[in-house]
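Asker: I am attaching a structure below and will ask some questions about it afterwards.
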Amino acid sequence: MTTENTGTGNVANPDPGPLSTGSRMTGVLGGLCLIALGILVLFGLFLSPADSNQGDAVRIMYVHVPSATVAYFGCFLTTVGSAIYLWKKSQWWELVAYAGAEVAALFTALTLVTGMLWGRPTWGVFWVWDARLTSTAMLLLLLLGYLAVRRIDADYEVRAKRAAIVGLLLVPNVIIVRQSVQWWRTLHQPPTLFSDGLGSKIEGLMLFSLFTGFIAITMVFVWLLIHRFRLAWLEEQRDAQGLDAAIFERRAEGVPS
Amino acid sequence: MFSDAWLIAAKDLRLEFRSRVGLNQVLPFALLVLILFAFALDPDRGLLEKATPGLYWVAVLFSGLLALQRSFAVESADGVSDALRLSGLDPAGIFLGKVLSVSIQLLILELMLGIGVAVLYGASISGWFLLIPTVVAATVCIAAAGTLYGVVAAGLRVRETLLPLLLLPVLAPVLIGATRAFEAALNGTPSEGWPWVGLMSVFAVVYMVAGIFGFGPLMEES
């Protein structure tokens, strides 16, 4: 993925469209992402203090909590995009759903990995069967199911429609799975950030680091989403153009010279 | 819609009755799963008896998956899916008919597996007042979600591997709910089981609605 748009297009091609997934806007955004991540590293690893209970492990939270949040947002995008695709047959929204699911899967995996790395020093084990861990793992599997349907080897219409049905049910499924797993068992520490009003338990530099994390991770999410969307769009264009070219060639064969 | 559903269900059940694939293959597989559990968990340690509700529902899920794949395999052969599309039957009716026929097959399977765990694992079955609603709710959940995801995977080259990946995570709440409700029934504390029956009912309604509205678009293509 280059972050620079050539902008000239192919002269022989009547409808060039963008030839890269990058543009000036995403280039700037990518630069800002790097700066934000740099600030996050500075505050998260060096300037913020260690927690009195969790020690240095608390620093993982500055990535973990924002990752989980944007992952949920990605799932939400997938369901909304799928619903609009089924309703209005808009390819734009279908690709938003696809891009959202893929980036959400990445951030869900990141949430699980960072959670496990945090759990080892804090709880003594990588994995406990508590409600949130289990439902996050199920969320990842649901997303992988959606992506598996979206990538089946079939026509765009078939893939898109079937994936949209799965995508539409993604958020309802996540809600039901969460509810069932929550009743099943609950050990996870309750959410600290918003439980008794904003910032009542996390203060000062730690709170600032967490918000830096939110900003940086959200920017990375948006950057990835835009690129993934454009890549999916280019892939569909390529497939469609390949088909047109093949039809054109076949027709040209039949013409007596 | 309901007369169409009845037609489809009768057709599928007649097919099953005549081919006896369910009787000759799915049911023996279900019993095999029960025996494999006994091999994996030493029967003398009392683990089997303790884990009976969970093992029972895992066996139902796995053998139900076979029954579901079978129910879509009969549609994909010989252009039956095109014939169904051309038949003018209401897609919602086709969905309900499939759910009905799968539910009936699952109920027979569950009854046989119930006898299996009672005999093989020495489980004493009690609390019928809770057991029966649990079985009905879980069966409708599995049949409705299975039929919807079954048609998502139908007709694809990867359908055998795709359906379990799609369906099993979705059915996780049903597995948890049915297992907990069974435990509550067998332990004689039915009040703990009713919330799970409620959760499964919500699940069943979500999938029935999604299937009734989603089956039409899914049948248009493929």
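Ordering of the structure tokens sets the chain letters (A, B, ...); residue numbers start at 1 within each chain; ligands are numbered from 1 in the order shown.
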Against chain B, which residues of chain A fall within 9 Å? For each one I want the closest pair of atoms and the distance in Å (one decimal), counting only C-alpha atoms, rows by chain and increasing residue number, as JSON lines.

Answerer:
{"residue": "A:Leu86", "atom": "CA", "partner": "B:Pro217", "partner_atom": "CA", "distance": 8.2}
{"residue": "A:Met138", "atom": "CA", "partner": "B:Pro169", "partner_atom": "CA", "distance": 6.2}
{"residue": "A:Leu139", "atom": "CA", "partner": "B:Pro169", "partner_atom": "CA", "distance": 8.4}
{"residue": "A:Leu141", "atom": "CA", "partner": "B:Pro169", "partner_atom": "CA", "distance": 6.5}
{"residue": "A:Leu142", "atom": "CA", "partner": "B:Pro169", "partner_atom": "CA", "distance": 6.3}
{"residue": "A:Leu144", "atom": "CA", "partner": "B:Leu165", "partner_atom": "CA", "distance": 8.3}
{"residue": "A:Gly145", "atom": "CA", "partner": "B:Leu166", "partner_atom": "CA", "distance": 5.0}
{"residue": "A:Tyr146", "atom": "CA", "partner": "B:Leu166", "partner_atom": "CA", "distance": 7.6}
{"residue": "A:Ala148", "atom": "CA", "partner": "B:Leu162", "partner_atom": "CA", "distance": 7.4}
{"residue": "A:Val149", "atom": "CA", "partner": "B:Leu162", "partner_atom": "CA", "distance": 7.6}
{"residue": "A:Ile152", "atom": "CA", "partner": "B:Val158", "partner_atom": "CA", "distance": 7.8}
{"residue": "A:Asp153", "atom": "CA", "partner": "B:Leu156", "partner_atom": "CA", "distance": 8.1}
{"residue": "A:Ala154", "atom": "CA", "partner": "B:Leu156", "partner_atom": "CA", "distance": 8.0}
{"residue": "A:Asp155", "atom": "CA", "partner": "B:Ser222", "partner_atom": "CA", "distance": 8.8}
{"residue": "A:Glu157", "atom": "CA", "partner": "B:Glu221", "partner_atom": "CA", "distance": 7.7}
{"residue": "A:Val158", "atom": "CA", "partner": "B:Ser222", "partner_atom": "CA", "distance": 6.1}
{"residue": "A:Lys161", "atom": "CA", "partner": "B:Leu218", "partner_atom": "CA", "distance": 6.9}
{"residue": "A:Arg162", "atom": "CA", "partner": "B:Val152", "partner_atom": "CA", "distance": 5.5}
{"residue": "A:Ala163", "atom": "CA", "partner": "B:Val152", "partner_atom": "CA", "distance": 8.0}
{"residue": "A:Ile165", "atom": "CA", "partner": "B:Gly214", "partner_atom": "CA", "distance": 7.0}
{"residue": "A:Val166", "atom": "CA", "partner": "B:Tyr149", "partner_atom": "CA", "distance": 7.9}
{"residue": "A:Leu169", "atom": "CA", "partner": "B:Ala210", "partner_atom": "CA", "distance": 8.0}
{"residue": "A:Pro172", "atom": "CA", "partner": "B:Val206", "partner_atom": "CA", "distance": 8.1}
{"residue": "A:Asn173", "atom": "CA", "partner": "B:Val170", "partner_atom": "CA", "distance": 6.5}
{"residue": "A:Val174", "atom": "CA", "partner": "B:Val170", "partner_atom": "CA", "distance": 8.7}
{"residue": "A:Ile176", "atom": "CA", "partner": "B:Pro173", "partner_atom": "CA", "distance": 6.9}
{"residue": "A:Val177", "atom": "CA", "partner": "B:Pro173", "partner_atom": "CA", "distance": 5.5}
{"residue": "A:Arg178", "atom": "CA", "partner": "B:Pro173", "partner_atom": "CA", "distance": 8.6}
{"residue": "A:Gln179", "atom": "CA", "partner": "B:Pro173", "partner_atom": "CA", "distance": 8.4}
{"residue": "A:Ser180", "atom": "CA", "partner": "B:Pro173", "partner_atom": "CA", "distance": 5.5}
{"residue": "A:Val181", "atom": "CA", "partner": "B:Pro173", "partner_atom": "CA", "distance": 7.3}
{"residue": "A:Trp183", "atom": "CA", "partner": "B:Trp196", "partner_atom": "CA", "distance": 9.0}
{"residue": "A:Trp184", "atom": "CA", "partner": "B:Ile176", "partner_atom": "CA", "distance": 7.3}

Asker: Take the residues just selected and output them with C-alpha atoms as a CSV table (one decimal), in the first residue's frame.

Answerer:
chain,number,residue,atom,x,y,z
A,86,LEU,CA,-29.6,-5.9,1.7
A,138,MET,CA,-16.6,-16.1,20.4
A,139,LEU,CA,-16.7,-12.7,18.7
A,141,LEU,CA,-14.9,-16.7,15.7
A,142,LEU,CA,-18.1,-15.0,14.5
A,144,LEU,CA,-13.9,-15.2,11.0
A,145,GLY,CA,-17.2,-16.9,9.9
A,146,TYR,CA,-18.3,-13.8,8.2
A,148,ALA,CA,-15.0,-17.0,5.4
A,149,VAL,CA,-18.4,-16.4,3.7
A,152,ILE,CA,-15.9,-17.8,-0.9
A,153,ASP,CA,-15.1,-18.5,-4.5
A,154,ALA,CA,-18.2,-17.3,-6.2
A,155,ASP,CA,-19.7,-14.4,-8.0
A,157,GLU,CA,-23.6,-11.1,-5.9
A,158,VAL,CA,-23.6,-14.5,-4.3
A,161,LYS,CA,-25.6,-11.4,-0.3
A,162,ARG,CA,-24.7,-14.4,1.7
A,163,ALA,CA,-22.1,-12.5,3.7
A,165,ILE,CA,-27.1,-12.1,5.9
A,166,VAL,CA,-24.3,-13.3,8.2
A,169,LEU,CA,-26.9,-11.2,12.4
A,172,PRO,CA,-27.5,-9.7,17.5
A,173,ASN,CA,-25.3,-12.8,17.9
A,174,VAL,CA,-22.7,-10.8,19.8
A,176,ILE,CA,-26.9,-13.0,22.8
A,177,VAL,CA,-23.5,-14.7,23.2
A,178,ARG,CA,-22.4,-12.0,25.7
A,179,GLN,CA,-25.6,-12.3,27.7
A,180,SER,CA,-25.3,-16.1,27.8
A,181,VAL,CA,-21.7,-16.1,28.7
A,183,TRP,CA,-24.9,-15.6,33.1
A,184,TRP,CA,-22.6,-18.6,32.6

Asker: If we count only C-alpha atoms and set the cut-off at 10 Å, which residues sit around Asn187 in chain B, ignoring sequence neighbours fewer than 5 positions away in its own chain? Please answer as a PDB file with N, CA and C atoms, in the first residue's frame.

Answerer:
ATOM      1  N   SER B 124     -30.039 -40.378  35.883  1.00  0.00           N
ATOM      2  CA  SER B 124     -31.433 -40.479  36.289  1.00  0.00           C
ATOM      3  C   SER B 124     -32.130 -39.209  35.847  1.00  0.00           C
ATOM      4  N   ILE B 125     -33.177 -39.388  35.067  1.00  0.00           N
ATOM      5  CA  ILE B 125     -33.821 -38.238  34.446  1.00  0.00           C
ATOM      6  C   ILE B 125     -35.009 -37.808  35.288  1.00  0.00           C
ATOM      7  N   SER B 126     -35.001 -36.515  35.625  1.00  0.00           N
ATOM      8  CA  SER B 126     -36.079 -35.986  36.456  1.00  0.00           C
ATOM      9  C   SER B 126     -36.362 -34.563  36.007  1.00  0.00           C
ATOM     10  N   GLY B 127     -37.378 -33.972  36.609  1.00  0.00           N
ATOM     11  CA  GLY B 127     -37.697 -32.584  36.286  1.00  0.00           C
ATOM     12  C   GLY B 127     -38.265 -32.422  34.895  1.00  0.00           C
ATOM     13  N   ALA B 181     -29.890 -25.551  31.803  1.00  0.00           N
ATOM     14  CA  ALA B 181     -31.282 -25.870  32.130  1.00  0.00           C
ATOM     15  C   ALA B 181     -31.419 -27.359  32.457  1.00  0.00           C
ATOM     16  N   PHE B 182     -30.694 -28.198  31.720  1.00  0.00           N
ATOM     17  CA  PHE B 182     -30.741 -29.636  32.009  1.00  0.00           C
ATOM     18  C   PHE B 182     -30.177 -29.919  33.392  1.00  0.00           C
TER      19      PHE B 182
END

Asker: As JSON, numbers by chain, which residues of range 12-249 of chain A does DSSP assign to alpha helix (DSSP H)?

Answerer: {"A": [24, 25, 26, 27, 28, 29, 30, 31, 32, 33, 34, 35, 36, 37, 38, 39, 40, 41, 61, 62, 63, 64, 65, 66, 67, 68, 69, 70, 71, 72, 73, 74, 75, 76, 77, 78, 79, 80, 81, 82, 83, 84, 85, 86, 87, 88, 91, 92, 93, 94, 95, 96, 97, 98, 99, 100, 101, 102, 103, 104, 105, 106, 107, 108, 109, 110, 111, 112, 113, 114, 115, 116, 117, 118, 119, 120, 121, 122, 123, 131, 132, 133, 134, 135, 136, 137, 138, 139, 140, 141, 142, 143, 144, 145, 146, 147, 148, 149, 150, 156, 157, 158, 159, 160, 161, 162, 163, 164, 165, 166, 167, 168, 170, 171, 172, 173, 174, 175, 176, 177, 178, 179, 180, 181, 182, 183, 184, 204, 205, 206, 207, 208, 209, 210, 211, 212, 213, 214, 215, 216, 217, 218, 219, 220, 221, 222, 223, 224, 225, 226, 227, 228, 229, 230, 231, 232, 233, 234, 235, 236, 237, 238, 239, 240, 241, 242, 243, 244, 245, 246, 247, 248, 249]}

Asker: Taking 3 positions as the minimum chain separation for residues in the same chain, which residues sit within 10 Å of Glu75 in chain B when counting only C-alpha atoms? Answer as a ChimeraX atom specification.

Answerer: /B:12,70-72,78-84,151,154-155

Asker: Kindly save the residues from that selection, with C-alpha atoms included, as a PDB file, in the first residue's frame.

Answerer:
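What landed in selection.pdb:
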ATOM      1  CA  ASP B  12     -38.299 -33.730   3.378  1.00  0.00           C
ATOM      2  CA  ARG B  70     -28.019 -33.890   4.867  1.00  0.00           C
ATOM      3  CA  SER B  71     -31.117 -31.725   4.652  1.00  0.00           C
ATOM      4  CA  PHE B  72     -29.288 -29.313   2.312  1.00  0.00           C
ATOM      5  CA  ASP B  78     -30.300 -32.638  -9.520  1.00  0.00           C
ATOM      6  CA  GLY B  79     -31.110 -28.931  -9.654  1.00  0.00           C
ATOM      7  CA  VAL B  80     -33.678 -29.184  -6.883  1.00  0.00           C
ATOM      8  CA  SER B  81     -32.833 -25.683  -5.706  1.00  0.00           C
ATOM      9  CA  ASP B  82     -33.824 -24.315  -9.147  1.00  0.00           C
ATOM     10  CA  ALA B  83     -36.995 -26.362  -9.055  1.00  0.00           C
ATOM     11  CA  LEU B  84     -37.819 -24.940  -5.624  1.00  0.00           C
ATOM     12  CA  VAL B 151     -28.731 -22.059   3.030  1.00  0.00           C
ATOM     13  CA  ALA B 154     -25.617 -24.359   0.396  1.00  0.00           C
ATOM     14  CA  GLY B 155     -24.390 -24.981  -3.115  1.00  0.00           C
TER      15      GLY B 155
END

Asker: Could you check which of A:Val63, A:Ala137, A:Leu29, A:Leu47 is closest to Phe211 in chain A, using only C-alpha atoms?

Answerer: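 Closest candidate: A:Val63.
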
Asker: Quick check, in Å to one decimal: how far apart do CA of Trp223 in chain A and CA of Gly100 in chain A lie?

Answerer: 11.6 Å

Asker: What does the distance from CA of Ala5 in chain B to CA of Gly93 in chain B come to in Å, to one decimal?

Answerer: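 Computed distance, CA of Ala5 in chain B to CA of Gly93 in chain B, equals 4.3 Å.
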
Asker: Compile the contact shell of Ile115 in chain B as a PyMOL selection string: residues with an atom at most 12 Å away, counting only C-alpha atoms, same-chain residues fewer than 6 positions apart removed.

Answerer: chain B and resi 30-31+34+56+108-109+121-125

Asker: Write a file of the just-selected residues containing C-alpha atoms, as a PDB file, in the first residue's frame.

Answerer:
ATOM      1  CA  ALA B  30     -24.851 -40.015  17.663  1.00  0.00           C
ATOM      2  CA  LEU B  31     -24.532 -43.221  19.693  1.00  0.00           C
ATOM      3  CA  LEU B  34     -21.736 -41.111  23.367  1.00  0.00           C
ATOM      4  CA  TYR B  56     -25.639 -34.866  25.780  1.00  0.00           C
ATOM      5  CA  ILE B 108     -36.186 -38.059  17.375  1.00  0.00           C
ATOM      6  CA  LEU B 109     -32.408 -37.803  17.660  1.00  0.00           C
ATOM      7  CA  TYR B 121     -24.199 -43.091  31.599  1.00  0.00           C
ATOM      8  CA  GLY B 122     -26.710 -44.138  34.238  1.00  0.00           C
ATOM      9  CA  ALA B 123     -28.243 -40.676  34.297  1.00  0.00           C
ATOM     10  CA  SER B 124     -31.433 -40.479  36.289  1.00  0.00           C
ATOM     11  CA  ILE B 125     -33.821 -38.238  34.446  1.00  0.00           C
TER      12      ILE B 125
END

Asker: Glu16 in chain B: which residues within 12 Å, counting only C-alpha atoms, same-chain residues fewer than 4 positions away excluded, as a list in words?

Answerer: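 Everything that qualifies: Ala9, Ala10, Lys11, Asp12, Arg20, Val21, Gly22, Leu23, Asn24, Gln25, Val26, Ala67, Leu68, Arg70, Ser71, Ala73, Val74, Ser101, Val102, Ile104 and Gln105 of chain B.
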
Asker: Keeping only N, CA and C atoms, write those residues as a compact mmCIF listing (two decimals), in the first residue's frame.

Answerer:
# COMPACT_ATOMS: atom_id res chain seq x y z
N ALA B 9 -42.05 -29.61 4.45
CA ALA B 9 -41.71 -30.50 5.56
C ALA B 9 -42.10 -31.93 5.24
N ALA B 10 -43.29 -32.09 4.65
CA ALA B 10 -43.75 -33.44 4.32
C ALA B 10 -42.82 -34.07 3.28
N LYS B 11 -42.39 -33.26 2.30
CA LYS B 11 -41.48 -33.77 1.26
C LYS B 11 -40.17 -34.24 1.89
N ASP B 12 -39.59 -33.39 2.77
CA ASP B 12 -38.30 -33.73 3.38
C ASP B 12 -38.42 -34.97 4.27
N ARG B 20 -33.77 -43.39 4.65
CA ARG B 20 -33.30 -43.89 5.96
C ARG B 20 -31.85 -43.53 6.24
N VAL B 21 -31.37 -42.42 5.66
CA VAL B 21 -30.00 -42.00 5.97
C VAL B 21 -29.89 -41.60 7.43
N GLY B 22 -30.92 -40.90 7.90
CA GLY B 22 -30.91 -40.50 9.31
C GLY B 22 -30.83 -41.70 10.24
N LEU B 23 -31.65 -42.69 9.92
CA LEU B 23 -31.72 -43.88 10.78
C LEU B 23 -30.44 -44.69 10.68
N ASN B 24 -29.92 -44.82 9.46
CA ASN B 24 -28.78 -45.71 9.25
C ASN B 24 -27.43 -45.06 9.49
N GLN B 25 -27.36 -43.72 9.43
CA GLN B 25 -26.05 -43.08 9.57
C GLN B 25 -26.00 -42.06 10.69
N VAL B 26 -26.98 -41.16 10.75
CA VAL B 26 -26.89 -40.09 11.74
C VAL B 26 -27.08 -40.64 13.16
N ALA B 67 -27.31 -34.02 10.37
CA ALA B 67 -28.68 -34.04 9.85
C ALA B 67 -28.95 -32.79 9.01
N LEU B 68 -28.42 -31.64 9.47
CA LEU B 68 -28.61 -30.40 8.72
C LEU B 68 -27.93 -30.44 7.36
N ARG B 70 -27.24 -32.95 5.67
CA ARG B 70 -28.02 -33.89 4.87
C ARG B 70 -29.25 -33.19 4.29
N SER B 71 -29.89 -32.37 5.10
CA SER B 71 -31.12 -31.72 4.65
C SER B 71 -30.84 -30.73 3.53
N ALA B 73 -28.05 -31.21 1.46
CA ALA B 73 -27.47 -31.99 0.37
C ALA B 73 -28.57 -32.47 -0.57
N VAL B 74 -29.75 -32.82 0.00
CA VAL B 74 -30.81 -33.30 -0.88
C VAL B 74 -31.33 -32.18 -1.77
N SER B 101 -39.09 -29.79 9.43
CA SER B 101 -38.60 -31.15 9.20
C SER B 101 -37.31 -31.41 9.97
N VAL B 102 -36.43 -30.40 10.03
CA VAL B 102 -35.20 -30.57 10.81
C VAL B 102 -35.53 -30.73 12.29
N ILE B 104 -38.23 -31.99 13.65
CA ILE B 104 -38.77 -33.32 13.93
C ILE B 104 -37.64 -34.35 13.97
N GLN B 105 -36.71 -34.23 13.00
CA GLN B 105 -35.58 -35.17 13.01
C GLN B 105 -34.73 -35.01 14.27

Asker: So which residues touch Gln54 in chain A within 10 Å, counting only C-alpha atoms, skipping near sequence neighbours fewer than 6 positions away, as a ChimeraX atom specification?

Answerer: /A:118,121-123

Asker: Would you mind exporting C-alpha atoms of the selected residues as a CSV table (one decimal), in the first residue's frame?

Answerer:
chain,number,residue,atom,x,y,z
A,118,TRP,CA,-2.0,-8.7,30.9
A,121,PRO,CA,1.3,-11.3,35.4
A,122,THR,CA,-2.0,-10.1,36.9
A,123,TRP,CA,-4.0,-13.3,37.3

Asker: Considering only C-alpha atoms, can you say which of B:Val209, B:Ala59, B:Ala51, B:Ala204 comes closest to Glu183 in chain B?

Answerer: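 Nearest candidate to Glu183 in chain B out of B:Val209, B:Ala59, B:Ala51, B:Ala204: B:Ala51.
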